[in-house]
>>> print(open('target02.pdb').read())   # PDB, C-alpha atoms and all ligand atoms
ATOM      1  CA  MET A 351       0.000   0.000   0.000
ATOM      2  CA  SER A 352       1.417   3.379  -0.953
ATOM      3  CA  LYS A 353       1.758   5.909   1.808
ATOM      4  CA  LEU A 354      -0.521   8.892   2.182
ATOM      5  CA  LYS A 355       1.038  12.292   1.635
ATOM      6  CA  LEU A 356       0.807  14.520   4.699
ATOM      7  CA  ALA A 357       1.541  18.237   4.889
ATOM      8  CA  THR A 358       1.588  20.573   7.845
ATOM      9  CA  ALA A 359       1.707  24.340   7.581
ATOM     10  CA  TRP A 360       1.415  27.383   9.767
ATOM     11  CA  LEU A 361      -0.243  30.701   9.251
ATOM     12  CA  ASP A 362      -0.544  33.152  12.158
ATOM     13  CA  GLY A 363       0.106  30.924  15.155
ATOM     14  CA  CYS A 364       2.768  30.365  17.787
ATOM     15  CA  SER A 365       4.033  26.945  16.601
ATOM     16  CA  GLY A 366       2.625  25.385  19.761
ATOM     17  CA  CYS A 367       0.342  23.157  17.717
ATOM     18  CA  HIS A 368       3.334  21.789  15.824
ATOM     19  CA  MET A 369       5.108  21.206  19.143
ATOM     20  CA  SER A 370       2.111  19.217  20.349
ATOM     21  CA  PHE A 371       2.110  17.268  17.066
ATOM     22  CA  LEU A 372       5.731  16.313  17.801
ATOM     23  CA  ASP A 373       4.688  15.321  21.313
ATOM     24  CA  MET A 374       3.234  12.168  19.778
ATOM     25  CA  ASP A 375       6.821  10.994  20.263
ATOM     26  CA  GLU A 376       7.311   7.303  19.409
ATOM     27  CA  ARG A 377       3.825   7.145  17.917
ATOM     28  CA  LEU A 378       5.206   9.252  15.059
ATOM     29  CA  LEU A 379       7.205   6.189  14.022
ATOM     30  CA  ASP A 380       4.025   4.136  13.805
ATOM     31  CA  LEU A 381       2.336   6.814  11.727
ATOM     32  CA  ALA A 382       5.380   7.008   9.466
ATOM     33  CA  GLU A 383       4.539   3.518   8.210
ATOM     34  CA  PHE A 384       1.417   4.964   6.640
ATOM     35  CA  VAL A 385       2.237   8.585   5.783
ATOM     36  CA  ASP A 386       5.070  10.573   4.300
ATOM     37  CA  VAL A 387       5.468  14.146   5.526
ATOM     38  CA  VAL A 388       6.044  15.876   2.195
ATOM     39  CA  TYR A 389       5.748  19.511   3.297
ATOM     40  CA  SER A 390       6.074  21.061   6.738
ATOM     41  CA  PRO A 391       8.096  23.559   8.797
ATOM     42  CA  ILE A 392       9.741  20.468  10.267
ATOM     43  CA  VAL A 393      10.970  19.023   6.959
ATOM     44  CA  ASP A 394      13.157  20.499   4.231
ATOM     45  CA  ALA A 395      10.570  21.184   1.538
ATOM     46  CA  LYS A 396      10.131  24.647   0.083
ATOM     47  CA  GLN A 397       7.226  24.193  -2.334
ATOM     48  CA  PHE A 398       3.759  22.921  -1.499
ATOM     49  CA  PRO A 399       3.249  19.731  -3.576
ATOM     50  CA  ASP A 400       0.711  19.437  -6.379
ATOM     51  CA  HIS A 401      -1.331  17.120  -4.195
ATOM     52  CA  VAL A 402      -1.349  15.975  -0.596
ATOM     53  CA  ASP A 403      -3.898  13.652   0.979
ATOM     54  CA  ILE A 404      -4.032  15.362   4.381
ATOM     55  CA  ALA A 405      -3.022  18.933   5.262
ATOM     56  CA  LEU A 406      -2.846  20.104   8.869
ATOM     57  CA  VAL A 407      -2.941  23.887   9.162
ATOM     58  CA  GLU A 408      -2.018  25.809  12.297
ATOM     59  CA  GLY A 409      -2.885  29.440  12.882
ATOM     60  CA  ALA A 410      -5.411  32.036  11.815
ATOM     61  CA  VAL A 411      -5.472  34.017   8.601
ATOM     62  CA  ALA A 412      -3.970  37.383   9.510
ATOM     63  CA  SER A 413      -2.087  38.643   6.463
ATOM     64  CA  VAL A 414      -2.312  38.790   2.704
ATOM     65  CA  ASP A 415       0.342  36.077   2.553
ATOM     66  CA  ASP A 416      -1.695  33.848   4.868
ATOM     67  CA  GLU A 417      -4.702  34.147   2.591
ATOM     68  CA  VAL A 418      -2.699  33.259  -0.518
ATOM     69  CA  LYS A 419      -1.145  30.318   1.325
ATOM     70  CA  ILE A 420      -4.383  28.833   2.654
ATOM     71  CA  ARG A 421      -6.080  29.087  -0.735
ATOM     72  CA  LYS A 422      -3.141  27.281  -2.320
ATOM     73  CA  ILE A 423      -3.149  24.588   0.357
ATOM     74  CA  ARG A 424      -6.885  24.075  -0.081
ATOM     75  CA  ALA A 425      -6.544  23.732  -3.841
ATOM     76  CA  HIS A 426      -3.900  21.039  -3.507
ATOM     77  CA  SER A 427      -5.185  19.039  -0.527
ATOM     78  CA  GLY A 428      -7.654  16.203  -0.159
ATOM     79  CA  THR A 429      -8.553  16.622   3.510
ATOM     80  CA  LEU A 430      -7.880  19.971   5.152
ATOM     81  CA  VAL A 431      -7.595  19.933   8.939
ATOM     82  CA  ALA A 432      -7.781  23.149  10.961
ATOM     83  CA  MET A 433      -5.517  22.310  13.875
ATOM     84  CA  GLY A 434      -5.782  24.306  17.047
ATOM     85  CA  ASP A 435      -7.991  27.106  18.248
ATOM     86  CA  CYS A 436      -6.253  29.797  16.150
ATOM     87  CA  ALA A 437      -7.104  27.960  12.935
ATOM     88  CA  VAL A 438     -10.534  26.891  14.217
ATOM     89  CA  ALA A 439     -11.737  30.147  15.763
ATOM     90  CA  GLY A 440      -9.120  32.896  15.510
ATOM     91  CA  ASN A 441      -8.054  32.609  19.143
ATOM     92  CA  VAL A 442      -4.983  34.627  20.198
ATOM     93  CA  PRO A 443      -4.168  36.361  16.863
ATOM     94  CA  SER A 444      -7.741  37.654  16.629
ATOM     95  CA  MET A 445      -7.310  39.562  19.888
ATOM     96  CA  ARG A 446      -6.017  42.429  17.755
ATOM     97  CA  ASN A 447      -9.310  42.727  15.899
ATOM     98  CA  PRO A 448     -10.870  45.411  18.147
ATOM     99  CA  ILE A 449      -7.662  47.454  17.942
ATOM    100  CA  GLY A 450      -6.906  47.213  14.251
ATOM    101  CA  PRO A 451      -3.636  46.489  12.453
ATOM    102  CA  HIS A 452      -2.338  50.078  12.306
ATOM    103  CA  ALA A 453      -2.330  50.497  16.085
ATOM    104  CA  ILE A 454      -0.547  47.154  16.440
ATOM    105  CA  LEU A 455       2.147  48.153  13.949
ATOM    106  CA  GLU A 456       2.568  51.557  15.627
ATOM    107  CA  ARG A 457       3.021  49.873  18.978
ATOM    108  CA  ALA A 458       5.518  47.300  17.729
ATOM    109  CA  TYR A 459       7.624  49.350  15.332
ATOM    110  CA  ILE A 460       7.315  52.946  16.584
ATOM    111  CA  GLU A 461       6.403  53.157  20.259
ATOM    112  CA  ASN A 462       8.431  50.158  21.404
ATOM    113  CA  ALA A 463      11.383  50.666  19.065
ATOM    114  CA  THR A 464      14.470  52.425  20.360
ATOM    115  CA  VAL A 465      16.214  52.589  16.964
ATOM    116  CA  GLN A 466      15.018  52.828  13.372
ATOM    117  CA  GLN A 467      11.434  53.628  14.226
ATOM    118  CA  GLN A 468       9.524  52.834  11.070
ATOM    119  CA  ILE A 469       6.717  50.533  10.030
ATOM    120  CA  PRO A 470       8.159  48.035   7.521
ATOM    121  CA  CYS A 471       6.652  48.026   4.061
ATOM    122  CA  VAL A 472       8.763  45.213   2.584
ATOM    123  CA  VAL A 473       9.408  41.638   3.743
ATOM    124  CA  VAL A 474       6.745  41.824   6.470
ATOM    125  CA  PRO A 475       3.461  40.792   4.805
ATOM    126  CA  LYS A 476       0.576  43.242   4.725
ATOM    127  CA  LEU A 477      -1.805  42.574   7.585
ATOM    128  CA  LEU A 478      -5.479  42.026   6.924
ATOM    129  CA  ARG A 479      -7.784  44.420   8.741
ATOM    130  CA  VAL A 480      -9.376  41.539  10.661
ATOM    131  CA  VAL A 481      -7.883  38.185  11.670
ATOM    132  CA  ARG A 482     -10.224  35.332  10.826
ATOM    133  CA  PRO A 483     -10.257  31.537  11.166
ATOM    134  CA  VAL A 484      -9.421  29.272   8.262
ATOM    135  CA  HIS A 485     -12.989  28.173   7.496
ATOM    136  CA  GLU A 486     -13.972  31.753   6.673
ATOM    137  CA  PHE A 487     -11.674  31.561   3.629
ATOM    138  CA  VAL A 488     -11.769  27.949   2.490
ATOM    139  CA  LYS A 489     -13.667  24.742   3.178
ATOM    140  CA  VAL A 490     -12.350  22.909   6.217
ATOM    141  CA  ASP A 491     -12.973  19.172   6.484
ATOM    142  CA  VAL A 492     -11.868  18.509  10.056
ATOM    143  CA  PHE A 493     -11.607  20.773  13.092
ATOM    144  CA  LEU A 494      -9.145  19.893  15.851
ATOM    145  CA  PRO A 495      -9.868  22.269  18.726
ATOM    146  CA  GLY A 496      -7.486  22.956  21.585
ATOM    147  CA  CYS A 497      -4.700  25.363  22.381
ATOM    148  CA  PRO A 498      -2.933  23.302  21.397
ATOM    149  CA  PRO A 499      -4.746  20.047  20.611
ATOM    150  CA  SER A 500      -3.195  17.312  22.715
ATOM    151  CA  ALA A 501      -0.855  14.727  21.267
ATOM    152  CA  GLU A 502      -3.593  12.209  22.004
ATOM    153  CA  THR A 503      -6.027  14.211  19.904
ATOM    154  CA  PHE A 504      -3.543  14.334  17.023
ATOM    155  CA  HIS A 505      -2.917  10.617  17.214
ATOM    156  CA  THR A 506      -6.602   9.717  17.377
ATOM    157  CA  ALA A 507      -7.485  12.028  14.488
ATOM    158  CA  LEU A 508      -4.622  10.962  12.230
ATOM    159  CA  THR A 509      -5.239   7.283  12.909
ATOM    160  CA  ALA A 510      -8.879   7.741  11.913
ATOM    161  CA  LEU A 511      -7.995   9.719   8.789
ATOM    162  CA  ILE A 512      -5.423   7.148   7.703
ATOM    163  CA  ASN A 513      -7.861   4.290   8.229
ATOM    164  CA  GLY A 514     -10.834   6.164   6.822
ATOM    165  CA  GLY A 515     -12.691   5.557  10.066
ATOM    166  CA  PRO A 516     -14.918   7.848  12.135
ATOM    167  CA  LEU A 517     -13.324  10.588  14.181
ATOM    168  CA  ASP A 518     -14.252   9.662  17.716
ATOM    169  CA  ILE A 519     -13.087  12.708  19.607
ATOM    170  CA  PRO A 520     -15.446  14.645  21.861
ATOM    171  CA  ALA A 521     -16.114  18.186  20.665
ATOM    172  CA  LEU A 522     -14.359  17.432  17.385
ATOM    173  CA  THR A 523     -16.434  18.164  14.341
ATOM    174  CA  ARG A 524     -16.101  16.702  10.898
ATOM    175  CA  PHE A 525     -18.232  18.284   8.252
ATOM    176  CA  GLY A 526     -20.050  15.784   6.105
ATOM    177  CA  ALA A 527     -19.407  12.855   8.473
TER     178      ALA A 527
HETATM  179  S1  LIG A 601      -3.962  27.197  19.013
HETATM  180 FE1  LIG A 601      -2.673  27.777  20.773
HETATM  181  S2  LIG A 601      -0.828  26.505  20.551
HETATM  182 FE2  LIG A 601      -1.875  26.500  18.531
HETATM  183  S3  LIG A 601      -0.928  28.200  17.377
HETATM  184 FE3  LIG A 601      -2.747  29.023  18.428
HETATM  185  S4  LIG A 601      -1.954  29.894  20.358
HETATM  186 FE4  LIG A 601      -0.381  28.491  19.563
END
>>> encode(input="target02.pdb", output="structure tokens", more="lines below")
Ligand code: SF4
Amino acid sequence: MSKLKLATAWLDGCSGCHMSFLDMDERLLDLAEFVDVVYSPIVDAKQFPDHVDIALVEGAVASVDDEVKIRKIRAHSGTLVAMGDCAVAGNVPSMRNPIGPHAILERAYIENATVQQQIPCVVVPKLLRVVRPVHEFVKVDVFLPGCPPSAETFHTALTALINGGPLDIPALTRFGA
């Protein structure tokens, strides 16, 4: 049996969800018998593949770059999993929504800077006015709530996705199941 192609990606998050994913520890070796990680911050792959079977996405959509990235991931993925509360509901990154991006940039690059006080206009991606969860941009197939989701949740969900079985996790929602 050929292995499933798995990708993980992050948008506006803290990487904590990826750390929890790695907390599966030795169970990662079991999963590796069934999946190849073909794109991820934790592997050396620069381009998102033409097709992956499962994509796990951490973080909310907060910038123009995030939006381009999530639309590309959606277009090239079979099952898209929103992993963690930032991807599922906005969570921490969306706390800036009542303040607005300009005030945030002023605070970070002008008020708190002791040298070279200027708001960057290159390299740093343009922020969207409002931070929103992944499902407000693209169809999400599986939601893994938690900040972060536990390693147990990751293992249960991935085992079910690999086997094509039901996702038996309380408070976890799979559209169309
Ligand atoms: S859900 Fe929590 S752990 Fe995951 S990226 Fe957001 S803040 Fe970090």
>>> residues_near_ligand(input="target02.pdb", ligand="ligand LIG 601 (chain A)", cutoff="10 Å", atoms="all atoms listed in the file", output="PyMOL selection string")
chain A and resi 360-370+407-410+432-443+494-500
>>> resolve_selection(input="target02.pdb", expression="the PyMOL selection byres (((chain A and resi 381) around 12) and not hetatm)", output="list in words")
Lys353, Leu354, Lys355, Leu356, Phe371, Leu372, Met374, Asp375, Glu376, Arg377, Leu378, Leu379, Asp380, Ala382, Glu383, Phe384, Val385, Asp386, Val387, Phe504, His505, Thr506, Ala507, Leu508, Thr509, Ala510, Leu511, Ile512 and Asn513 of chain A
>>> atom_distance(input="target02.pdb", atom1="CA of Ser390 (chain A)", atom2="CA of Ala458 (chain A)")
28.5 Å
>>> atom_distance(input="target02.pdb", atom1="CA of Ala357 (chain A)", atom2="CA of Val402 (chain A)")
6.6 Å
>>> resolve_selection(input="target02.pdb", expression="the PyMOL selection byres (((chain A and resi 452-455) around 12) and not hetatm)", output="CSV table (one decimal) with C-alpha atoms, in the frame of the given file")
chain,number,residue,atom,x,y,z
A,443,PRO,CA,-4.2,36.4,16.9
A,444,SER,CA,-7.7,37.7,16.6
A,445,MET,CA,-7.3,39.6,19.9
A,446,ARG,CA,-6.0,42.4,17.8
A,447,ASN,CA,-9.3,42.7,15.9
A,448,PRO,CA,-10.9,45.4,18.1
A,449,ILE,CA,-7.7,47.5,17.9
A,450,GLY,CA,-6.9,47.2,14.3
A,451,PRO,CA,-3.6,46.5,12.5
A,456,GLU,CA,2.6,51.6,15.6
A,457,ARG,CA,3.0,49.9,19.0
A,458,ALA,CA,5.5,47.3,17.7
A,459,TYR,CA,7.6,49.4,15.3
A,460,ILE,CA,7.3,52.9,16.6
A,461,GLU,CA,6.4,53.2,20.3
A,462,ASN,CA,8.4,50.2,21.4
A,463,ALA,CA,11.4,50.7,19.1
A,467,GLN,CA,11.4,53.6,14.2
A,468,GLN,CA,9.5,52.8,11.1
A,469,ILE,CA,6.7,50.5,10.0
A,470,PRO,CA,8.2,48.0,7.5
A,471,CYS,CA,6.7,48.0,4.1
A,474,VAL,CA,6.7,41.8,6.5
A,475,PRO,CA,3.5,40.8,4.8
A,476,LYS,CA,0.6,43.2,4.7
A,477,LEU,CA,-1.8,42.6,7.6
A,478,LEU,CA,-5.5,42.0,6.9
A,479,ARG,CA,-7.8,44.4,8.7
A,480,VAL,CA,-9.4,41.5,10.7
>>> atom_distance(input="target02.pdb", atom1="CA of Glu486 (chain A)", atom2="CA of Lys396 (chain A)")
26.0 Å
>>> closest_residue(input="target02.pdb", among="A:Ala359, A:Val418, A:Val411, A:Leu406", to="Val484 (chain A)", atoms="all atoms listed in the file")
A:Val411
>>> resolve_selection(input="target02.pdb", expression="the PyMOL selection byres (((chain A and resi 491) around 12) and not hetatm)", output="PyMOL selection string")
chain A and resi 403-407+424+427-433+438+484-485+488-490+492-494+511+517+522-527
>>> closest_residue(input="target02.pdb", among="A:Val388, A:Val481, A:Phe487, A:Gly515", to="Ser413 (chain A)", atoms="all atoms listed in the file")
A:Val481
>>> decode(input="target02.pdb", residues="region 451-479 of chain A", atoms="N, CA, C and O atoms", output="mmCIF file, in the first residue's frame")
data_model
loop_
_atom_site.group_PDB
_atom_site.id
_atom_site.type_symbol
_atom_site.label_atom_id
_atom_site.label_comp_id
_atom_site.auth_asym_id
_atom_site.auth_seq_id
_atom_site.Cartn_x
_atom_site.Cartn_y
_atom_site.Cartn_z
ATOM 1 N N PRO A 451 -5.042 46.768 12.760
ATOM 2 C CA PRO A 451 -3.636 46.489 12.453
ATOM 3 C C PRO A 451 -2.725 47.708 12.584
ATOM 4 O O PRO A 451 -1.566 47.565 12.977
ATOM 5 N N HIS A 452 -3.227 48.906 12.269
ATOM 6 C CA HIS A 452 -2.338 50.078 12.306
ATOM 7 C C HIS A 452 -1.832 50.346 13.723
ATOM 8 O O HIS A 452 -0.643 50.611 13.934
ATOM 9 N N ALA A 453 -2.736 50.256 14.702
ATOM 10 C CA ALA A 453 -2.330 50.497 16.085
ATOM 11 C C ALA A 453 -1.317 49.453 16.547
ATOM 12 O O ALA A 453 -0.383 49.761 17.301
ATOM 13 N N ILE A 454 -1.486 48.228 16.081
ATOM 14 C CA ILE A 454 -0.547 47.154 16.440
ATOM 15 C C ILE A 454 0.838 47.453 15.864
ATOM 16 O O ILE A 454 1.865 47.333 16.543
ATOM 17 N N LEU A 455 0.864 47.862 14.594
ATOM 18 C CA LEU A 455 2.147 48.153 13.949
ATOM 19 C C LEU A 455 2.815 49.364 14.608
ATOM 20 O O LEU A 455 4.033 49.382 14.811
ATOM 21 N N GLU A 456 2.027 50.370 14.940
ATOM 22 C CA GLU A 456 2.568 51.557 15.627
ATOM 23 C C GLU A 456 3.226 51.156 16.945
ATOM 24 O O GLU A 456 4.316 51.610 17.282
ATOM 25 N N ARG A 457 2.521 50.299 17.672
ATOM 26 C CA ARG A 457 3.021 49.873 18.978
ATOM 27 C C ARG A 457 4.326 49.095 18.843
ATOM 28 O O ARG A 457 5.282 49.318 19.591
ATOM 29 N N ALA A 458 4.362 48.181 17.872
ATOM 30 C CA ALA A 458 5.518 47.300 17.729
ATOM 31 C C ALA A 458 6.725 48.014 17.147
ATOM 32 O O ALA A 458 7.861 47.824 17.609
ATOM 33 N N TYR A 459 6.484 48.835 16.109
ATOM 34 C CA TYR A 459 7.624 49.350 15.332
ATOM 35 C C TYR A 459 7.950 50.811 15.601
ATOM 36 O O TYR A 459 9.006 51.288 15.194
ATOM 37 N N ILE A 460 7.052 51.539 16.278
ATOM 38 C CA ILE A 460 7.315 52.946 16.584
ATOM 39 C C ILE A 460 7.453 53.146 18.089
ATOM 40 O O ILE A 460 8.520 53.517 18.587
ATOM 41 N N GLU A 461 6.395 52.856 18.821
ATOM 42 C CA GLU A 461 6.403 53.157 20.259
ATOM 43 C C GLU A 461 7.409 52.308 21.026
ATOM 44 O O GLU A 461 8.051 52.785 21.958
ATOM 45 N N ASN A 462 7.538 51.046 20.657
ATOM 46 C CA ASN A 462 8.431 50.158 21.404
ATOM 47 C C ASN A 462 9.822 50.044 20.792
ATOM 48 O O ASN A 462 10.655 49.311 21.310
ATOM 49 N N ALA A 463 10.066 50.747 19.711
ATOM 50 C CA ALA A 463 11.383 50.666 19.065
ATOM 51 C C ALA A 463 12.286 51.771 19.600
ATOM 52 O O ALA A 463 11.861 52.912 19.767
ATOM 53 N N THR A 464 13.516 51.421 19.884
ATOM 54 C CA THR A 464 14.470 52.425 20.360
ATOM 55 C C THR A 464 15.364 52.918 19.231
ATOM 56 O O THR A 464 15.984 53.961 19.350
ATOM 57 N N VAL A 465 15.453 52.163 18.151
ATOM 58 C CA VAL A 465 16.214 52.589 16.964
ATOM 59 C C VAL A 465 15.384 52.300 15.719
ATOM 60 O O VAL A 465 14.526 51.422 15.718
ATOM 61 N N GLN A 466 15.653 53.038 14.674
ATOM 62 C CA GLN A 466 15.018 52.828 13.372
ATOM 63 C C GLN A 466 13.494 52.678 13.497
ATOM 64 O O GLN A 466 12.917 51.663 13.094
ATOM 65 N N GLN A 467 12.887 53.680 14.053
ATOM 66 C CA GLN A 467 11.434 53.628 14.226
ATOM 67 C C GLN A 467 10.750 53.818 12.876
ATOM 68 O O GLN A 467 10.692 54.922 12.347
ATOM 69 N N GLN A 468 10.275 52.753 12.322
ATOM 70 C CA GLN A 468 9.524 52.834 11.070
ATOM 71 C C GLN A 468 8.717 51.552 10.872
ATOM 72 O O GLN A 468 9.155 50.467 11.237
ATOM 73 N N ILE A 469 7.547 51.704 10.311
ATOM 74 C CA ILE A 469 6.717 50.533 10.030
ATOM 75 C C ILE A 469 7.201 49.922 8.723
ATOM 76 O O ILE A 469 7.251 50.606 7.692
ATOM 77 N N PRO A 470 7.598 48.653 8.738
ATOM 78 C CA PRO A 470 8.159 48.035 7.521
ATOM 79 C C PRO A 470 7.119 47.919 6.418
ATOM 80 O O PRO A 470 5.947 47.639 6.678
ATOM 81 N N CYS A 471 7.560 48.154 5.206
ATOM 82 C CA CYS A 471 6.652 48.026 4.061
ATOM 83 C C CYS A 471 7.142 46.969 3.089
ATOM 84 O O CYS A 471 6.514 46.714 2.057
ATOM 85 N N VAL A 472 8.280 46.340 3.372
ATOM 86 C CA VAL A 472 8.763 45.213 2.584
ATOM 87 C C VAL A 472 9.075 44.072 3.538
ATOM 88 O O VAL A 472 9.279 44.268 4.727
ATOM 89 N N VAL A 473 9.108 42.870 3.004
ATOM 90 C CA VAL A 473 9.408 41.638 3.743
ATOM 91 C C VAL A 473 8.257 41.249 4.677
ATOM 92 O O VAL A 473 7.741 40.137 4.597
ATOM 93 N N VAL A 474 7.865 42.145 5.578
ATOM 94 C CA VAL A 474 6.745 41.824 6.470
ATOM 95 C C VAL A 474 5.449 41.884 5.674
ATOM 96 O O VAL A 474 5.138 42.911 5.063
ATOM 97 N N PRO A 475 4.674 40.805 5.634
ATOM 98 C CA PRO A 475 3.461 40.792 4.805
ATOM 99 C C PRO A 475 2.409 41.774 5.310
ATOM 100 O O PRO A 475 2.323 42.052 6.503
ATOM 101 N N LYS A 476 1.632 42.285 4.377
ATOM 102 C CA LYS A 476 0.576 43.242 4.725
ATOM 103 C C LYS A 476 -0.489 42.542 5.581
ATOM 104 O O LYS A 476 -0.985 41.470 5.214
ATOM 105 N N LEU A 477 -0.809 43.168 6.695
ATOM 106 C CA LEU A 477 -1.805 42.574 7.585
ATOM 107 C C LEU A 477 -3.215 42.823 7.055
ATOM 108 O O LEU A 477 -3.514 43.904 6.524
ATOM 109 N N LEU A 478 -4.062 41.834 7.210
ATOM 110 C CA LEU A 478 -5.479 42.026 6.924
ATOM 111 C C LEU A 478 -6.085 42.872 8.043
ATOM 112 O O LEU A 478 -5.596 42.874 9.177
ATOM 113 N N ARG A 479 -7.167 43.548 7.729
ATOM 114 C CA ARG A 479 -7.784 44.420 8.741
ATOM 115 C C ARG A 479 -8.287 43.593 9.920
ATOM 116 O O ARG A 479 -8.188 44.009 11.064
#
